[in-house]
Each structure stands twice: as C-alpha cells, then as structure tokens.
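Presented below is the structure to which this report refers.
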Amino acid sequence: MGNPFIEDIKNQYKNGSALIKLIFVNLGVFLAVYIIGNVLFLLNIGSSDSLFNSLSLPASFLEIISQPWSVVTYMFLHRDLWHLLMNMLVLYFGSQIFIQFLNQKKLVTVYILGGLSGGIIYILAFNLFPVFKEVLPNSMALGASASVMAILIAAATYVPNFVVRLVFIGNVKLKYIAMGYLVLDLINIQGANSGGHIAHLGGAIFGFFYIQQLKKGKDFTLGFSRFLDYLKAMFKPRKKMKVVYKKQGKTKTDQAYNNQKVNNQKKIDTILDKISKSGYDSLSAEEKAILFDASKK
C-alpha cells in the first residue's frame, strides 16, 4: 500500500481538469529543481543555479542551439515562490473564464503556443534592438507569464464585457483588467525585467490573434492540438480491449449532423451576445448549461 498523501496527489492530478494539471506541472517543476539542486550541491557537483541555466530560455541564438528544449521548459520554470504564486493565481483566474466559453484542450494549446510566442518575441527583441546588445550573452527568460497572458488576453478578447467582481473595487469588465496588465508591461519595458515584459506582450499578441481568427471560424492550432493528442496517447496506459455488441440503429446523415452543429453554434453565439450586453449573471440556468456542455467538447 502506497503513501496516502502521495496517492491523493496522484488522484488529484489524474482526475483534475487541464487547469489543475498545468498548476501541478508548474509546482512540480519548481519543487524538483530545488530538490535536485540541493542534492547536486551536497555532492559538490552542481546547484539549483546550474539547473535554472539549463532550463531557462537564452536570448542568444548560439545558446539556444545548445539547449533547444528550453523553448518549452522555460514556461514551467520559476525562480522563487512569489513568482510562482502570482503566475498561478492569474492562470487560475483567467483559465476559469476561458474554460466557461471554450474548452480544456484549447486551454493547454493556448498555454503552450502562447509561451512559445512569448519566447520568440523575447529572442527577436534581444537580437534586433541595439539597447540589449551588452546584456544579450547573459540574458535568459523563465516563468509562465507569457503563457498566462495568452490565456487572459484570449478570454478577454472572446468575452470582453464579462463582469468580474474584484475585492475592494467591485464589478469590472474583463477587458479593462486585461488592458491594465498590458499597460503595466508596456511601461515597464525599460525596467530591470525588460525581457520578461516583452515576452508577456508576445503571449498577449498570440492570445488576441488566436481568438480573432477563431471568431472567423479559423482554428490554426488544430495541427498542434492533434500533436498534443498523439503525445498524450503515447504516454497513456493502454486499456484491455472489450468486445461490445450493439444493436443496429439509425445513424445521422452528414447533412443532419452539420445542420445540428450549425444550430448549436448559433445558440452559443446568441448566448455570448447576451453576455456582452448584460453580463454572465443574466443567463438562465439552461443557457449556462449549454455553455458548460460546449466547453467540455
């Protein structure tokens, strides 16, 4: 019999939503880096700093070639507990809204592609703008902020008038919260964390562009989403096959299926329009159920 605490964590991760899994991965990486770093330190063969350097995203093209995995690992890496907590709070806040109107698969896709976009913008900025020439060889990016910004901006672009109740402030529309984060990043580019704020803007650009295209009926992330499904299937334990006998039933024609799909989308569009005009609380129980069911597909 295993440790009850460990078993509980495994069950929480296994049965949790995509949001819970993302938070678990970020927390797991944070703990693993420091635990392994402490072991390396005690054995006098390394430290947590050496692990951070190998997992962070360097701005230098030569450094990236030597550690290509860092374009992915950097978006799950945090240097201190405060950095981790702040990112996870905003991730939880933005993702809760995101999942209400989109789905969990899209959440993971936006997280990863938003992080990649933030990393690319960061690398390009540090190699193109002369102001970063002196710090270029030693500059490295880490943290989930670009991914988190992509999710927050995506949600705000999809339902800009969604009303959020903030402590000590009251009701605020989501678009104003998103704009506040963008303004903070823009005015802090000249600060100590220039690369971080530039990466945030890269994630924000992806989130905005992705939703704009999605509203036009174009999801350019489908190929990447299928790739994630393939990876998931590779690591998922195979279940024993069962033979199931089903009675022959009448199946829907392609035209009937497409007509139903169009009608369902019209219902969702009508509900989204209602949210934009009157807020989420104005929805009936049935309308909220329709949105909830759509988010799980």
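Scheme for the structure tokens: letters A, B, ... for chains in order shown; per-chain residue numbers from 1; ligand numbers from 1 in order shown.
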- Fewer than 3 positions away in the same chain doesn't count, so skip those; otherwise give me all residues within 12 Å of region 160-177 of chain A, counting only C-alpha atoms, as a VMD selection string. chain A and resid 90 93 to 94 96 to 98 100 to 101 149 152 to 157 180 to 184 208 211 272 to 283
- Task: Mind the document's chain letters and residue numbers, and return as an MDAnalysis selection string the residues of region 28-233 of chain A that DSSP labels alpha helix (DSSP H).
- Result: chainID A and resid 28:42 48:55 61:66 70:73 81:101 104:128 145:158 174:187 194:215 222:233
- What gap, in Å, lies between CA of Val110 (chain A) and CA of Trp69 (chain A)? 18.6 Å
- Do a neighbour search on Ser47 (chain A) at 10 Å with only C-alpha atoms, toss out local chain neighbours closer than 3 positions, and write the hits as a list in words. Val33, Tyr34, Ile35, Ile36, Gly37, Asn38, Val39, Leu40, Phe41, Leu42, Leu43, Asn44, Ser50, Leu51 and Phe52 of chain A
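Atom to atom, CA of Ile290 (chain A) and CA of Asn264 (chain A) stand 8.9 Å apart.
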